[in-house]
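input.cif (mmCIF, C-alpha atoms and all ligand atoms) appears below.
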data_start
#
loop_
_atom_site.label_atom_id
_atom_site.label_comp_id
_atom_site.auth_asym_id
_atom_site.auth_seq_id
_atom_site.Cartn_x
_atom_site.Cartn_y
_atom_site.Cartn_z
CA MET A 1 82.10 103.45 83.64
CA THR A 2 81.40 100.01 85.00
CA GLY A 3 77.67 99.46 85.38
CA ASP A 4 77.74 96.27 87.39
CA LEU A 5 79.59 96.22 90.66
CA GLY A 6 79.09 92.50 91.14
CA GLY A 7 81.13 90.05 93.20
CA ALA A 8 83.75 91.96 95.19
CA TRP A 9 81.15 94.40 96.39
CA GLN A 10 78.99 91.67 97.85
CA ALA A 11 81.92 90.59 99.94
CA LEU A 12 81.95 94.18 101.20
CA ARG A 13 78.55 93.78 102.83
CA GLU A 14 76.92 95.19 99.75
CA ARG A 15 73.68 95.90 101.53
CA ARG A 16 75.43 98.80 103.27
CA PHE A 17 75.79 100.62 99.96
CA GLU A 18 72.90 102.81 99.09
CA ALA A 19 72.00 103.76 95.55
CA SER A 20 70.96 107.18 94.22
CA VAL A 21 71.48 109.13 97.44
CA ARG A 22 70.74 112.84 97.02
CA LEU A 23 73.95 114.72 97.70
CA ALA A 24 72.03 117.94 98.40
CA ASP A 25 71.27 116.27 101.74
CA TYR A 26 75.00 115.97 102.44
CA THR A 27 76.15 119.49 101.48
CA THR A 28 75.57 122.59 103.59
CA ILE A 29 74.79 124.64 100.46
CA ARG A 30 71.93 122.17 99.82
CA THR A 31 72.51 121.49 96.12
CA GLY A 32 73.85 118.47 94.26
CA GLY A 33 72.33 115.54 92.39
CA PRO A 34 72.47 111.85 93.33
CA ALA A 35 75.48 109.71 94.06
CA ARG A 36 75.32 106.52 92.06
CA TRP A 37 76.56 104.59 95.11
CA PHE A 38 76.92 105.86 98.65
CA LEU A 39 78.66 104.36 101.64
CA ASP A 40 78.42 105.87 105.10
CA ALA A 41 81.77 104.61 106.42
CA ARG A 42 81.63 102.80 109.74
CA GLY A 43 85.18 101.51 110.03
CA GLU A 44 88.62 101.64 108.49
CA ASP A 45 88.51 98.12 107.09
CA GLU A 46 85.21 98.73 105.40
CA ALA A 47 86.27 102.09 103.97
CA THR A 48 89.53 100.62 102.71
CA ALA A 49 87.84 97.64 101.10
CA ALA A 50 85.28 99.88 99.41
CA LEU A 51 87.93 102.22 98.05
CA LEU A 52 90.02 99.35 96.72
CA ALA A 53 87.05 97.66 95.13
CA ALA A 54 86.10 100.93 93.43
CA LYS A 55 89.63 101.44 92.19
CA GLY A 56 89.78 97.87 90.90
CA ARG A 57 86.69 98.53 88.82
CA GLY A 58 87.59 101.98 87.58
CA VAL A 59 84.75 103.53 89.60
CA PRO A 60 85.46 107.17 90.52
CA VAL A 61 85.36 107.95 94.24
CA LEU A 62 84.32 111.14 96.00
CA LEU A 63 85.11 111.59 99.70
CA VAL A 64 82.64 113.63 101.70
CA GLY A 65 82.90 114.83 105.28
CA ASN A 66 80.33 117.38 106.39
CA GLY A 67 79.98 118.72 102.84
CA SER A 68 80.52 122.29 104.03
CA ASN A 69 83.02 123.13 101.32
CA LEU A 70 81.53 121.22 98.41
CA LEU A 71 79.53 122.20 95.34
CA VAL A 72 78.36 119.06 93.56
CA SER A 73 76.92 119.05 90.04
CA ASP A 74 73.13 118.89 89.66
CA GLY A 75 73.78 115.76 87.63
CA GLY A 76 75.24 114.17 90.74
CA PHE A 77 78.29 111.96 90.99
CA ASP A 78 78.51 108.91 88.76
CA GLY A 79 80.61 106.83 91.10
CA LEU A 80 81.02 105.91 94.75
CA VAL A 81 80.68 108.51 97.49
CA VAL A 82 82.31 107.54 100.77
CA HIS A 83 80.91 109.63 103.60
CA PHE A 84 82.87 110.11 106.81
CA GLY A 85 80.30 111.05 109.42
CA GLU A 86 79.05 109.96 112.83
CA GLY A 87 80.01 106.35 112.27
CA PHE A 88 83.63 107.36 111.85
CA ALA A 89 84.02 109.92 114.61
CA ARG A 90 85.71 108.35 117.63
CA MET A 91 87.99 110.55 119.69
CA SER A 92 90.26 109.90 122.65
CA LEU A 93 92.80 111.71 124.78
CA ASP A 94 96.28 110.78 125.83
CA GLY A 95 97.80 113.62 127.83
CA LEU A 96 98.05 116.57 125.46
CA ARG A 97 97.30 114.41 122.43
CA LEU A 98 93.80 114.29 120.98
CA ARG A 99 93.35 111.44 118.57
CA ALA A 100 90.27 111.41 116.37
CA GLN A 101 88.76 109.75 113.33
CA ALA A 102 88.09 111.71 110.15
CA GLY A 103 84.34 112.07 110.67
CA ALA A 104 84.64 113.83 114.04
CA MET A 105 83.22 117.34 113.82
CA LEU A 106 85.49 120.27 114.62
CA LYS A 107 82.98 121.68 117.06
CA ALA A 108 82.85 118.41 118.99
CA LEU A 109 86.65 118.24 119.05
CA ALA A 110 87.00 121.84 120.23
CA PHE A 111 84.43 121.37 123.02
CA PHE A 112 85.91 118.00 124.05
CA ALA A 113 89.36 119.62 124.26
CA ALA A 114 88.03 122.60 126.23
CA GLU A 115 86.25 120.30 128.68
CA HIS A 116 89.63 118.70 129.35
CA ASN A 117 91.39 122.05 129.77
CA LEU A 118 93.21 121.73 126.47
CA ALA A 119 93.81 124.72 124.21
CA GLY A 120 94.52 124.98 120.49
CA LEU A 121 91.17 124.29 118.84
CA ALA A 122 89.06 127.28 119.89
CA PHE A 123 89.50 128.82 116.42
CA ALA A 124 87.86 125.76 114.87
CA ALA A 125 84.72 125.51 117.01
CA GLY A 126 82.59 127.51 114.55
CA ILE A 127 83.88 125.90 111.34
CA PRO A 128 81.15 123.43 110.36
CA GLY A 129 83.49 120.74 109.05
CA SER A 130 84.70 117.26 109.88
CA LEU A 131 88.29 116.64 110.90
CA GLY A 132 89.07 114.96 107.56
CA GLY A 133 87.72 117.83 105.45
CA ALA A 134 89.40 120.38 107.72
CA LEU A 135 92.79 118.71 107.36
CA VAL A 136 92.50 118.45 103.58
CA MET A 137 91.51 122.14 103.42
CA ASN A 138 93.84 123.25 106.24
CA ALA A 139 90.78 125.09 107.52
CA GLY A 140 91.37 128.17 109.61
CA ALA A 141 89.85 131.21 111.28
CA PHE A 142 90.76 133.92 113.79
CA ASN A 143 94.51 133.48 113.15
CA GLY A 144 94.36 129.75 113.78
CA GLU A 145 94.55 126.91 111.29
CA MET A 146 94.68 123.14 111.46
CA SER A 147 98.40 123.04 110.67
CA GLN A 148 99.10 124.63 114.07
CA VAL A 149 97.70 121.68 116.03
CA VAL A 150 98.44 118.64 113.86
CA GLU A 151 101.07 116.21 115.03
CA SER A 152 100.35 113.54 112.43
CA VAL A 153 97.71 112.52 109.89
CA ASP A 154 96.75 108.91 109.17
CA CYS A 155 95.98 108.43 105.51
CA LEU A 156 95.24 105.85 102.93
CA THR A 157 96.66 106.17 99.46
CA ARG A 158 94.28 105.43 96.61
CA ASP A 159 96.25 102.16 96.26
CA GLY A 160 95.16 101.19 99.76
CA LEU A 161 98.48 101.80 101.48
CA ARG A 162 98.29 103.11 105.05
CA VAL A 163 100.65 106.07 105.62
CA THR A 164 101.16 108.37 108.59
CA LEU A 165 102.32 111.85 107.64
CA SER A 166 104.08 114.14 110.09
CA ASN A 167 102.97 117.75 110.21
CA ARG A 168 105.84 118.71 107.90
CA GLU A 169 105.08 115.88 105.47
CA ALA A 170 101.45 116.99 105.28
CA ASP A 171 102.78 120.12 103.57
CA PHE A 172 100.10 122.49 104.82
CA ALA A 173 99.67 125.88 103.16
CA TYR A 174 96.78 128.33 102.88
CA ARG A 175 93.68 126.16 102.28
CA HIS A 176 95.96 123.51 100.89
CA SER A 177 97.63 120.26 101.94
CA ARG A 178 99.45 117.29 100.54
CA MET A 179 96.31 115.22 101.15
CA MET A 180 94.47 117.52 98.74
CA GLU A 181 97.32 117.51 96.23
CA GLU A 182 97.64 113.72 96.16
CA GLY A 183 94.01 112.75 96.77
CA LEU A 184 94.90 110.91 99.97
CA VAL A 185 92.07 109.60 102.11
CA VAL A 186 92.27 110.98 105.65
CA LEU A 187 91.34 108.33 108.20
CA GLY A 188 92.20 110.29 111.33
CA ALA A 189 94.81 112.40 113.05
CA THR A 190 96.65 113.10 116.24
CA LEU A 191 96.41 116.71 117.39
CA LEU A 192 98.91 118.07 119.89
CA LEU A 193 97.27 120.60 122.21
CA THR A 194 98.51 122.78 125.04
CA PRO A 195 97.28 123.19 128.62
CA GLY A 196 94.48 125.74 128.90
CA SER A 197 91.57 126.72 131.09
CA ARG A 198 88.13 125.35 130.43
CA GLU A 199 86.36 128.62 131.35
CA ALA A 200 88.68 130.79 129.24
CA LEU A 201 88.34 128.46 126.25
CA HIS A 202 84.55 128.45 126.43
CA ALA A 203 84.57 132.26 126.66
CA THR A 204 86.88 132.52 123.63
CA MET A 205 84.72 130.16 121.60
CA ALA A 206 81.55 132.05 122.54
CA GLY A 207 83.23 135.32 121.47
CA PHE A 208 84.27 133.86 118.11
CA GLN A 209 80.76 132.51 117.55
CA GLU A 210 79.27 135.91 118.31
CA MET A 211 81.56 137.48 115.68
CA ARG A 212 80.42 134.89 113.14
CA ARG A 213 76.77 135.52 113.93
CA GLU A 214 77.30 139.26 113.48
CA LYS A 215 79.18 139.07 110.19
CA GLN A 216 78.08 135.90 108.43
CA PRO A 217 74.72 134.95 106.90
CA LEU A 218 74.39 131.84 109.06
CA ALA A 219 70.62 131.64 108.58
CA TRP A 220 71.07 130.65 104.92
CA PRO A 221 72.57 127.50 103.43
CA SER A 222 76.05 128.18 102.04
CA ALA A 223 79.51 126.72 101.76
CA GLY A 224 81.07 129.55 103.78
CA SER A 225 83.48 131.87 101.99
CA PHE A 226 83.13 130.85 98.39
CA PHE A 227 86.47 132.24 97.20
CA LYS A 228 90.00 132.05 98.55
CA ARG A 229 91.60 135.20 99.89
CA PRO A 230 93.62 136.61 96.98
CA PRO A 231 97.11 137.75 98.07
CA GLY A 232 96.86 141.29 99.43
CA TYR A 233 93.04 141.48 99.31
CA PHE A 234 89.87 140.12 100.90
CA ALA A 235 87.52 138.42 98.45
CA GLY A 236 84.41 139.72 100.23
CA ALA A 237 85.64 143.34 100.14
CA LEU A 238 86.43 143.15 96.40
CA ILE A 239 83.01 141.67 95.64
CA GLU A 240 81.30 144.33 97.75
CA GLN A 241 83.32 147.17 96.16
CA ALA A 242 82.39 145.82 92.73
CA GLY A 243 78.78 146.45 93.74
CA LEU A 244 77.80 142.80 93.65
CA LYS A 245 76.07 142.38 97.02
CA GLY A 246 72.62 140.98 96.38
CA LEU A 247 73.44 139.83 92.84
CA THR A 248 71.14 136.87 92.22
CA VAL A 249 71.00 134.02 89.72
CA GLY A 250 67.97 131.75 90.19
CA GLY A 251 68.03 130.82 93.88
CA ALA A 252 71.70 131.71 94.43
CA GLN A 253 72.70 135.10 95.78
CA VAL A 254 75.77 137.09 96.82
CA SER A 255 74.92 137.62 100.48
CA GLU A 256 73.92 141.15 101.48
CA LYS A 257 75.45 140.50 104.89
CA HIS A 258 78.85 139.21 103.76
CA ALA A 259 79.72 139.41 100.07
CA GLY A 260 82.20 136.53 100.33
CA PHE A 261 79.31 134.13 100.97
CA LEU A 262 77.10 132.85 98.14
CA ILE A 263 73.84 131.73 99.73
CA ASN A 264 70.97 129.47 98.76
CA LEU A 265 67.73 131.45 98.99
CA GLY A 266 65.76 128.23 98.54
CA GLY A 267 65.55 126.00 95.51
CA ALA A 268 68.93 127.05 94.09
CA THR A 269 70.70 124.63 91.78
CA THR A 270 74.41 124.12 91.40
CA ARG A 271 74.01 125.58 87.92
CA ASP A 272 72.75 128.81 89.56
CA PHE A 273 75.81 128.90 91.82
CA ILE A 274 78.21 128.29 88.94
CA ALA A 275 76.60 131.07 86.87
CA LEU A 276 76.76 133.42 89.87
CA LYS A 277 80.39 132.48 90.57
CA ASP A 278 81.28 133.16 86.91
CA GLN A 279 79.64 136.60 87.00
CA VAL A 280 81.39 137.51 90.26
CA GLN A 281 84.76 136.37 88.90
CA GLU A 282 84.31 138.30 85.64
CA ARG A 283 83.21 141.52 87.30
CA VAL A 284 85.92 141.49 89.97
CA LEU A 285 88.53 140.77 87.29
CA GLU A 286 87.24 143.61 85.11
CA ARG A 287 87.11 146.07 87.98
CA PHE A 288 90.27 145.18 89.96
CA GLY A 289 92.30 142.89 87.72
CA VAL A 290 92.13 140.20 90.43
CA ARG A 291 91.16 136.65 89.54
CA LEU A 292 89.15 135.10 92.39
CA GLU A 293 89.73 131.38 92.83
CA PRO A 294 87.03 129.27 94.46
CA GLU A 295 87.85 127.87 97.89
CA VAL A 296 84.81 125.63 97.54
CA ARG A 297 85.64 122.30 95.90
CA LEU A 298 83.68 121.87 92.67
CA VAL A 299 82.60 118.37 91.72
CA GLY A 300 81.48 118.07 88.11
CA GLU A 301 82.19 121.76 87.49
CA THR A 302 79.63 122.65 84.82
CA GLY A 303 76.73 121.99 87.15
CA ALA A 304 74.86 120.53 84.21
C1 LIG B 401 78.90 128.78 107.50
C2 LIG B 401 80.27 128.30 107.11
C3 LIG B 401 81.39 128.86 107.69
C4 LIG B 401 82.68 128.43 107.32
N1 LIG B 401 83.76 129.00 107.92
C5 LIG B 401 85.00 128.59 107.60
C6 LIG B 401 86.15 129.16 108.22
O1 LIG B 401 86.06 130.04 109.06
N2 LIG B 401 87.37 128.70 107.83
C7 LIG B 401 87.52 127.71 106.91
O2 LIG B 401 88.67 127.33 106.62
N3 LIG B 401 86.45 127.15 106.31
C8 LIG B 401 85.21 127.54 106.63
N4 LIG B 401 84.12 126.97 106.02
C9 LIG B 401 84.32 125.93 104.99
C10 LIG B 401 84.33 124.49 105.54
O3 LIG B 401 83.57 124.39 106.73
C11 LIG B 401 85.75 123.98 105.80
O4 LIG B 401 86.52 123.95 104.61
C12 LIG B 401 85.71 122.55 106.39
O5 LIG B 401 86.97 122.23 106.89
C13 LIG B 401 85.32 121.49 105.38
O6 LIG B 401 85.13 120.28 106.08
P1 LIG B 401 84.03 119.22 105.59
O7 LIG B 401 84.13 118.03 106.46
O8 LIG B 401 82.71 119.86 105.48
O9 LIG B 401 84.63 118.88 104.16
P2 LIG B 401 83.83 118.54 102.81
O10 LIG B 401 83.13 119.76 102.32
O11 LIG B 401 83.02 117.32 103.00
O12 LIG B 401 85.05 118.23 101.86
C14 LIG B 401 86.02 119.22 101.55
C15 LIG B 401 87.14 118.57 100.73
O13 LIG B 401 87.79 117.59 101.52
C16 LIG B 401 87.65 116.28 100.93
N5 LIG B 401 87.46 115.34 102.05
C17 LIG B 401 86.47 115.33 102.97
N6 LIG B 401 86.68 114.36 103.88
C18 LIG B 401 87.83 113.73 103.51
C19 LIG B 401 88.60 112.64 104.02
N7 LIG B 401 88.25 111.98 105.13
N8 LIG B 401 89.74 112.29 103.39
C20 LIG B 401 90.15 112.95 102.27
N9 LIG B 401 89.46 113.96 101.71
C21 LIG B 401 88.32 114.35 102.34
C22 LIG B 401 86.47 116.39 99.99
O14 LIG B 401 86.56 115.45 98.93
C23 LIG B 401 86.61 117.83 99.50
O15 LIG B 401 87.60 117.92 98.49
C24 LIG B 401 82.82 127.39 106.37
C25 LIG B 401 81.68 126.79 105.80
C26 LIG B 401 80.42 127.24 106.17
C27 LIG B 401 79.21 126.58 105.56
#
How does the structure come out when it is put into structure tokens?
Amino acid sequence: MTGDLGGAWQALRERRFEASVRLADYTTIRTGGPARWFLDARGEDEATAALLAAKGRGVPVLLVGNGSNLLVSDGGFDGLVVHFGEGFARMSLDGLRLRAQAGAMLKALAFFAAEHNLAGLAFAAGIPGSLGGALVMNAGAFNGEMSQVVESVDCLTRDGLRVTLSNREADFAYRHSRMMEEGLVVLGATLLLTPGSREALHATMAGFQEMRREKQPLAWPSAGSFFKRPPGYFAGALIEQAGLKGLTVGGAQVSEKHAGFLINLGGATTRDFIALKDQVQERVLERFGVRLEPEVRLVGETGA
């Protein structure tokens, strides 16, 4: 890969790029080595220019929102990480339409909507993701999912072309979207909500959060449910029935509280998580003939 980023990057306010940023600080599971270059995106023009410059130089790009569904290799990412966070999180209302940038957090969006008596996002309040990551993943919970509230998604192709996809064009399916399939960069979206009552929405969100606290190991770093729900089964139930609760590799463990969660007991490496994932997959396959597929996105899969 190109070692010298030179000219074009300087024109992109090079001083805003950081080198060797620890990705463990940007993932909720708290593992992952350094990013060779890191840009905390502050605006569309800057993000676009950075992506195009990387493409022009053959530099691989990794997009990161809140890092709550990411497992990054201990060796890090030898390319450019573009982070969509607080600097890319504007939101505004126009009647029933909530427009937001990719870095806006789902919780903030759900509370903002509730404050304005708008329903549709209560399901998302406890999902610790950004809007961009949630749209790519078609995140969902409590019978809701992003596809139910999306009117359109503003994207950038890896060639730097701005496209707006309708809900249908975004091709949402279970934990899947066209943005994921085609590696589109999500810049923002328009969500179409329905009239609701502030008090009722806050009560619903509090109820959902209580259920999470009861069932999920929220005190430990994790990436949420590690595996997708296999058709006809629940991943957590299969793992539990295979007797794998508490199975530990290094600092990574199958949660005792919810077997679908792999948690970081402290000091875990991505290599630990990959070894644990492999063991869980093997043993569930042996026992039930079901192949569990990770929901978590693996970057540099070996963890080496
Ligand atoms: C405690 C806990 C509970 C969870 N509960 C749920 C749940 O109930 N339901 C659920 O669906 N998920 C759940 N998750 C998983 C996770 O929160 C969701 O998948 C979330 O939507 C990911 O958003 P993110 O911003 O963290 O994405 P990231 O982890 O940063 O990224 C996820 C994927 O999206 C890509 N991406 C990120 N931003 C962009 C962008 N702007 N443009 C293009 N691609 C981008 C990344 O490259 C990666 O492939 C949970 C996670 C945790 C830790």
Contacts of A:Arg297 at 9 Å or less, counting only C-alpha atoms, minus same-chain residues fewer than 3 places along, as a PyMOL selection string? chain A and resi 69-72+294
Residues within 9 Å of A:Gly144, only C-alpha atoms, excluding chain neighbours under 6 positions, as a PyMOL selection string: chain A and resi 120-124
When you count all atoms listed in the file, which of these residues is closest to A:Glu293: A:Ala235, A:Leu165, A:Ile274, A:Val136? A:Ala235
Around (93.4, 126.8, 128.4), as given in the file, which residues come within 6 Å? Count all atoms listed in the file and list them as an mmCIF file with C-alpha atoms, in the frame of the given file.
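As a result, out-v6.cif now contains:
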data_model
loop_
_atom_site.group_PDB
_atom_site.id
_atom_site.type_symbol
_atom_site.label_atom_id
_atom_site.label_comp_id
_atom_site.auth_asym_id
_atom_site.auth_seq_id
_atom_site.Cartn_x
_atom_site.Cartn_y
_atom_site.Cartn_z
ATOM 1 C CA ASN A 117 91.390 122.050 129.770
ATOM 2 C CA LEU A 118 93.210 121.730 126.470
ATOM 3 C CA ALA A 119 93.810 124.720 124.210
ATOM 4 C CA PRO A 195 97.280 123.190 128.620
ATOM 5 C CA GLY A 196 94.480 125.740 128.900
ATOM 6 C CA SER A 197 91.570 126.720 131.090
ATOM 7 C CA ARG A 198 88.130 125.350 130.430
ATOM 8 C CA LEU A 201 88.340 128.460 126.250
#
Please extract the residues at most 6 Å from ligand LIG 401 (chain B), counting all atoms listed in the file, and provide them as a PyMOL selection string, using the chain letters and residue numbers of this document. chain A and resi 28+62-70+84+102+127-130+132-134+136-137+139-141+184-187+218+222-224+297
Find, counting only C-alpha atoms, the residue in A:Val280, A:Leu244, A:Asn138, A:Glu199 that gets nearest to A:Glu115.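 With only C-alpha atoms as the atom set, the closest residue is A:Glu199.
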Which residue, A:Arg287, A:Leu109, A:Asp74, A:Val149, has the smallest gap to A:Arg30 when you use all atoms listed in the file? A:Asp74
Quick one: pull the distance between atom CA of A:Ser20 and atom CA of A:Val299, Å, one decimal. 16.3 Å
Pairwise distance for atom CA of A:Lys245 and atom CA of A:Lys257, rounded to one decimal in Å: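 About the pair atom CA of A:Lys245 and atom CA of A:Lys257: they are 8.1 Å apart.
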Pick from A:Ser152, A:Ser255, A:Gln241, A:Thr164 nearest to A:Phe288, counting all atoms listed in the file: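 Ranking A:Ser152, A:Ser255, A:Gln241, A:Thr164 by distance to A:Phe288, first place goes to A:Gln241.
Note that the spacing between atom CA of A:Ala104 and atom CA of A:Leu192 amounts to 16.0 Å.
Closest to A:Ala49 among A:Glu214, A:Asp272, A:Asp159, A:Glu256 is A:Asp159, based on only C-alpha atoms.
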Give me, as a PyMOL selection string, all polymer residues having an atom no more than 8 Å from A:Ala189, counting only C-alpha atoms and skipping those fewer than 3 positions away in the same chain. chain A and resi 99-102+150-154+186
Go ahead and fit an axis-aligned box to every listed atom of stretch 128-143 of chain A plus 5 Å each side, and pass me the centre and edge lengths in Å, one decimal, as lines of an AutoDock Vina configuration file.
center_x = 87.8
center_y = 124.4
center_z = 108.6
size_x = 23.4
size_y = 29.0
size_z = 20.4
Given only C-alpha atoms as the basis, pick out the residue of A:Ala108, A:Ile239, A:Ala54, A:Ala47 nearest to A:His83.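 Nearest candidate to A:His83 out of A:Ala108, A:Ile239, A:Ala54, A:Ala47: A:Ala47.
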